[in-house]
Amino acid sequence: MWGIIISIVMAVIIALIGDALAGHNMPGGIIGAMIAGFAGAWLGALLLGNWGPVIGNFAIIPAIIGTALFVFLLGLVSRLLRQAA
């Protein structure tokens with residue numbers, strides 16, 4: 001039970017840091033932050049591996065870098081969709 005709560009909290013914290021690095025482009029509020037944190041942690045682990053400190057099953061440094069990349073790409077797609085409409 002505590003593991004799930006810690007994972008969710010870490011996903012939100014990682015997403016907020018990644019959003020700050022990417023220029024505040026993340027839509028969706030706290031739920032969007034949580035999703036971006038999980039997706040970014042997965043992307044960071046996929047691209048960079050699992051190195052550095054690990055908290056709540058997240059390798060912190062690759063997760064932050066992956067989340068910043070994910071939020072940047074999400075903001076880019078969101079901007080392109082708004083221009084197309």
# chains A, B, ... in the order shown; residues from 1 in each chain; ligands from 1
$ select_by_dssp --residues "chain A" --states "alpha helix (DSSP H)" --output "JSON, numbers by chain"
{"A": [2, 3, 4, 5, 6, 7, 8, 9, 10, 11, 12, 13, 14, 15, 16, 17, 18, 19, 20, 21, 22, 29, 30, 31, 32, 33, 34, 35, 36, 37, 38, 39, 40, 41, 42, 43, 44, 45, 46, 47, 48, 60, 61, 62, 63, 64, 65, 66, 67, 68, 69, 70, 71, 72, 73, 74, 75, 76, 77, 78, 79, 80, 81, 82, 83, 84]}
$ write_last_selection --atoms "C-alpha atoms" --output "tab-separated table (two decimals), in the first residue's frame"
chain	number	residue	atom	x	y	z
A	2	TRP	CA	2.73	2.48	0.97
A	3	GLY	CA	4.72	1.53	-2.10
A	4	ILE	CA	1.91	2.67	-4.40
A	5	ILE	CA	1.49	5.95	-2.53
A	6	ILE	CA	5.24	6.62	-2.61
A	7	SER	CA	5.34	5.82	-6.34
A	8	ILE	CA	2.48	8.23	-7.07
A	9	VAL	CA	4.03	11.01	-4.97
A	10	MET	CA	7.41	10.50	-6.63
A	11	ALA	CA	5.79	10.53	-10.09
A	12	VAL	CA	4.14	13.87	-9.33
A	13	ILE	CA	7.36	15.37	-7.92
A	14	ILE	CA	9.41	14.13	-10.86
A	15	ALA	CA	6.80	15.47	-13.29
A	16	LEU	CA	6.81	18.91	-11.67
A	17	ILE	CA	10.61	19.07	-11.89
A	18	GLY	CA	10.55	17.84	-15.49
A	19	ASP	CA	7.84	20.38	-16.33
A	20	ALA	CA	9.96	23.19	-14.88
A	21	LEU	CA	12.93	22.04	-16.97
A	22	ALA	CA	10.86	21.78	-20.16
A	29	GLY	CA	-2.98	19.50	-13.78
A	30	ILE	CA	-2.05	16.99	-11.08
A	31	ILE	CA	-3.41	13.99	-13.01
A	32	GLY	CA	-1.44	15.05	-16.07
A	33	ALA	CA	1.63	15.45	-13.86
A	34	MET	CA	1.20	11.94	-12.47
A	35	ILE	CA	0.82	10.43	-15.93
A	36	ALA	CA	3.76	12.43	-17.25
A	37	GLY	CA	5.86	11.31	-14.28
A	38	PHE	CA	5.17	7.63	-14.89
A	39	ALA	CA	5.62	7.95	-18.67
A	40	GLY	CA	8.76	10.04	-18.27
A	41	ALA	CA	10.26	7.62	-15.76
A	42	TRP	CA	9.63	4.79	-18.18
A	43	LEU	CA	11.09	6.79	-21.08
A	44	GLY	CA	14.13	7.82	-19.04
A	45	ALA	CA	14.80	4.25	-17.94
A	46	LEU	CA	14.38	3.05	-21.52
A	47	LEU	CA	16.79	5.63	-22.96
A	48	LEU	CA	19.28	6.06	-20.12
A	60	ILE	CA	15.58	9.75	-10.07
A	61	ILE	CA	17.99	11.31	-12.61
A	62	PRO	CA	16.88	9.31	-15.70
A	63	ALA	CA	13.24	9.80	-14.64
A	64	ILE	CA	13.61	13.59	-14.46
A	65	ILE	CA	15.40	13.74	-17.83
A	66	GLY	CA	12.82	11.42	-19.41
A	67	THR	CA	9.95	13.43	-17.96
A	68	ALA	CA	11.42	16.71	-19.23
A	69	LEU	CA	11.69	15.15	-22.69
A	70	PHE	CA	8.14	13.74	-22.48
A	71	VAL	CA	6.67	17.08	-21.34
A	72	PHE	CA	8.56	18.94	-24.08
A	73	LEU	CA	7.21	16.55	-26.73
A	74	LEU	CA	3.70	16.70	-25.24
A	75	GLY	CA	3.76	20.50	-25.30
A	76	LEU	CA	5.02	20.48	-28.88
A	77	VAL	CA	2.23	18.14	-30.02
A	78	SER	CA	-0.35	20.17	-28.08
A	79	ARG	CA	0.84	23.39	-29.74
A	80	LEU	CA	0.73	21.79	-33.20
A	81	LEU	CA	-2.82	20.51	-32.62
A	82	ARG	CA	-3.98	23.96	-31.47
A	83	GLN	CA	-2.52	25.56	-34.60
A	84	ALA	CA	-4.17	22.97	-36.86
$ select_by_dssp --residues "chain A" --states "strand (DSSP E or B)" --output "JSON, numbers by chain"
{"A": [54, 55, 58, 59]}
$ decode --residues "segment 57-70 of chain A" --atoms "all heavy atoms" --output "mmCIF file, in the first residue's frame"
data_model
loop_
_atom_site.group_PDB
_atom_site.id
_atom_site.type_symbol
_atom_site.label_atom_id
_atom_site.label_comp_id
_atom_site.auth_asym_id
_atom_site.auth_seq_id
_atom_site.Cartn_x
_atom_site.Cartn_y
_atom_site.Cartn_z
ATOM 1 N N ASN A 57 10.974 3.057 -6.479
ATOM 2 C CA ASN A 57 11.207 2.316 -7.723
ATOM 3 C C ASN A 57 11.476 3.216 -8.928
ATOM 4 O O ASN A 57 11.335 2.786 -10.061
ATOM 5 C CB ASN A 57 10.057 1.353 -8.026
ATOM 6 C CG ASN A 57 9.975 0.236 -7.027
ATOM 7 O OD1 ASN A 57 10.986 -0.185 -6.481
ATOM 8 N ND2 ASN A 57 8.771 -0.234 -6.755
ATOM 9 N N PHE A 58 11.826 4.477 -8.704
ATOM 10 C CA PHE A 58 12.197 5.396 -9.769
ATOM 11 C C PHE A 58 13.675 5.712 -9.647
ATOM 12 O O PHE A 58 14.132 6.135 -8.592
ATOM 13 C CB PHE A 58 11.429 6.717 -9.669
ATOM 14 C CG PHE A 58 9.972 6.608 -9.987
ATOM 15 C CD1 PHE A 58 9.033 6.627 -8.988
ATOM 16 C CD2 PHE A 58 9.552 6.511 -11.297
ATOM 17 C CE1 PHE A 58 7.688 6.534 -9.274
ATOM 18 C CE2 PHE A 58 8.205 6.422 -11.598
ATOM 19 C CZ PHE A 58 7.267 6.433 -10.581
ATOM 20 N N ALA A 59 14.422 5.523 -10.722
ATOM 21 C CA ALA A 59 15.795 6.034 -10.777
ATOM 22 C C ALA A 59 15.650 7.527 -11.054
ATOM 23 O O ALA A 59 15.203 7.937 -12.126
ATOM 24 C CB ALA A 59 16.588 5.337 -11.868
ATOM 25 N N ILE A 60 15.962 8.352 -10.082
ATOM 26 C CA ILE A 60 15.581 9.754 -10.073
ATOM 27 C C ILE A 60 16.118 10.535 -11.279
ATOM 28 O O ILE A 60 15.351 11.213 -11.976
ATOM 29 C CB ILE A 60 16.042 10.429 -8.759
ATOM 30 C CG1 ILE A 60 15.411 9.722 -7.556
ATOM 31 C CG2 ILE A 60 15.709 11.907 -8.753
ATOM 32 C CD1 ILE A 60 13.919 9.756 -7.529
ATOM 33 N N ILE A 61 17.396 10.469 -11.559
ATOM 34 C CA ILE A 61 17.986 11.305 -12.613
ATOM 35 C C ILE A 61 17.458 10.929 -14.003
ATOM 36 O O ILE A 61 17.011 11.805 -14.751
ATOM 37 C CB ILE A 61 19.521 11.267 -12.524
ATOM 38 C CG1 ILE A 61 19.960 11.884 -11.190
ATOM 39 C CG2 ILE A 61 20.157 12.011 -13.698
ATOM 40 C CD1 ILE A 61 21.403 11.696 -10.848
ATOM 41 N N PRO A 62 17.458 9.640 -14.389
ATOM 42 C CA PRO A 62 16.878 9.312 -15.700
ATOM 43 C C PRO A 62 15.382 9.632 -15.774
ATOM 44 O O PRO A 62 14.885 10.028 -16.831
ATOM 45 C CB PRO A 62 17.108 7.809 -15.845
ATOM 46 C CG PRO A 62 18.214 7.493 -14.930
ATOM 47 C CD PRO A 62 18.114 8.471 -13.811
ATOM 48 N N ALA A 63 14.675 9.504 -14.652
ATOM 49 C CA ALA A 63 13.240 9.799 -14.640
ATOM 50 C C ALA A 63 12.993 11.281 -14.879
ATOM 51 O O ALA A 63 12.082 11.655 -15.627
ATOM 52 C CB ALA A 63 12.616 9.359 -13.326
ATOM 53 N N ILE A 64 13.787 12.149 -14.265
ATOM 54 C CA ILE A 64 13.615 13.588 -14.464
ATOM 55 C C ILE A 64 13.936 13.975 -15.900
ATOM 56 O O ILE A 64 13.204 14.741 -16.533
ATOM 57 C CB ILE A 64 14.473 14.376 -13.458
ATOM 58 C CG1 ILE A 64 13.902 14.207 -12.045
ATOM 59 C CG2 ILE A 64 14.546 15.855 -13.834
ATOM 60 C CD1 ILE A 64 14.763 14.788 -10.962
ATOM 61 N N ILE A 65 15.020 13.434 -16.441
ATOM 62 C CA ILE A 65 15.395 13.735 -17.828
ATOM 63 C C ILE A 65 14.335 13.209 -18.791
ATOM 64 O O ILE A 65 13.922 13.899 -19.729
ATOM 65 C CB ILE A 65 16.786 13.162 -18.149
ATOM 66 C CG1 ILE A 65 17.848 13.875 -17.312
ATOM 67 C CG2 ILE A 65 17.097 13.288 -19.641
ATOM 68 C CD1 ILE A 65 19.215 13.224 -17.358
ATOM 69 N N GLY A 66 13.862 11.990 -18.555
ATOM 70 C CA GLY A 66 12.816 11.421 -19.408
ATOM 71 C C GLY A 66 11.518 12.189 -19.318
ATOM 72 O O GLY A 66 10.827 12.393 -20.326
ATOM 73 N N THR A 67 11.169 12.660 -18.129
ATOM 74 C CA THR A 67 9.946 13.432 -17.964
ATOM 75 C C THR A 67 10.063 14.788 -18.644
ATOM 76 O O THR A 67 9.107 15.256 -19.266
ATOM 77 C CB THR A 67 9.615 13.609 -16.468
ATOM 78 O OG1 THR A 67 9.470 12.313 -15.885
ATOM 79 C CG2 THR A 67 8.326 14.380 -16.280
ATOM 80 N N ALA A 68 11.221 15.431 -18.542
ATOM 81 C CA ALA A 68 11.416 16.708 -19.228
ATOM 82 C C ALA A 68 11.262 16.515 -20.736
ATOM 83 O O ALA A 68 10.612 17.331 -21.414
ATOM 84 C CB ALA A 68 12.778 17.291 -18.889
ATOM 85 N N LEU A 69 11.819 15.447 -21.265
ATOM 86 C CA LEU A 69 11.687 15.149 -22.690
ATOM 87 C C LEU A 69 10.234 14.868 -23.057
ATOM 88 O O LEU A 69 9.717 15.385 -24.056
ATOM 89 C CB LEU A 69 12.574 13.958 -23.063
ATOM 90 C CG LEU A 69 12.544 13.513 -24.517
ATOM 91 C CD1 LEU A 69 13.068 14.621 -25.419
ATOM 92 C CD2 LEU A 69 13.378 12.256 -24.686
ATOM 93 N N PHE A 70 9.551 14.075 -22.229
ATOM 94 C CA PHE A 70 8.142 13.740 -22.478
ATOM 95 C C PHE A 70 7.264 14.988 -22.446
ATOM 96 O O PHE A 70 6.413 15.183 -23.315
ATOM 97 C CB PHE A 70 7.666 12.711 -21.447
ATOM 98 C CG PHE A 70 6.242 12.293 -21.626
ATOM 99 C CD1 PHE A 70 5.890 11.420 -22.636
ATOM 100 C CD2 PHE A 70 5.250 12.767 -20.788
ATOM 101 C CE1 PHE A 70 4.575 11.029 -22.808
ATOM 102 C CE2 PHE A 70 3.935 12.386 -20.946
ATOM 103 C CZ PHE A 70 3.597 11.512 -21.961
#
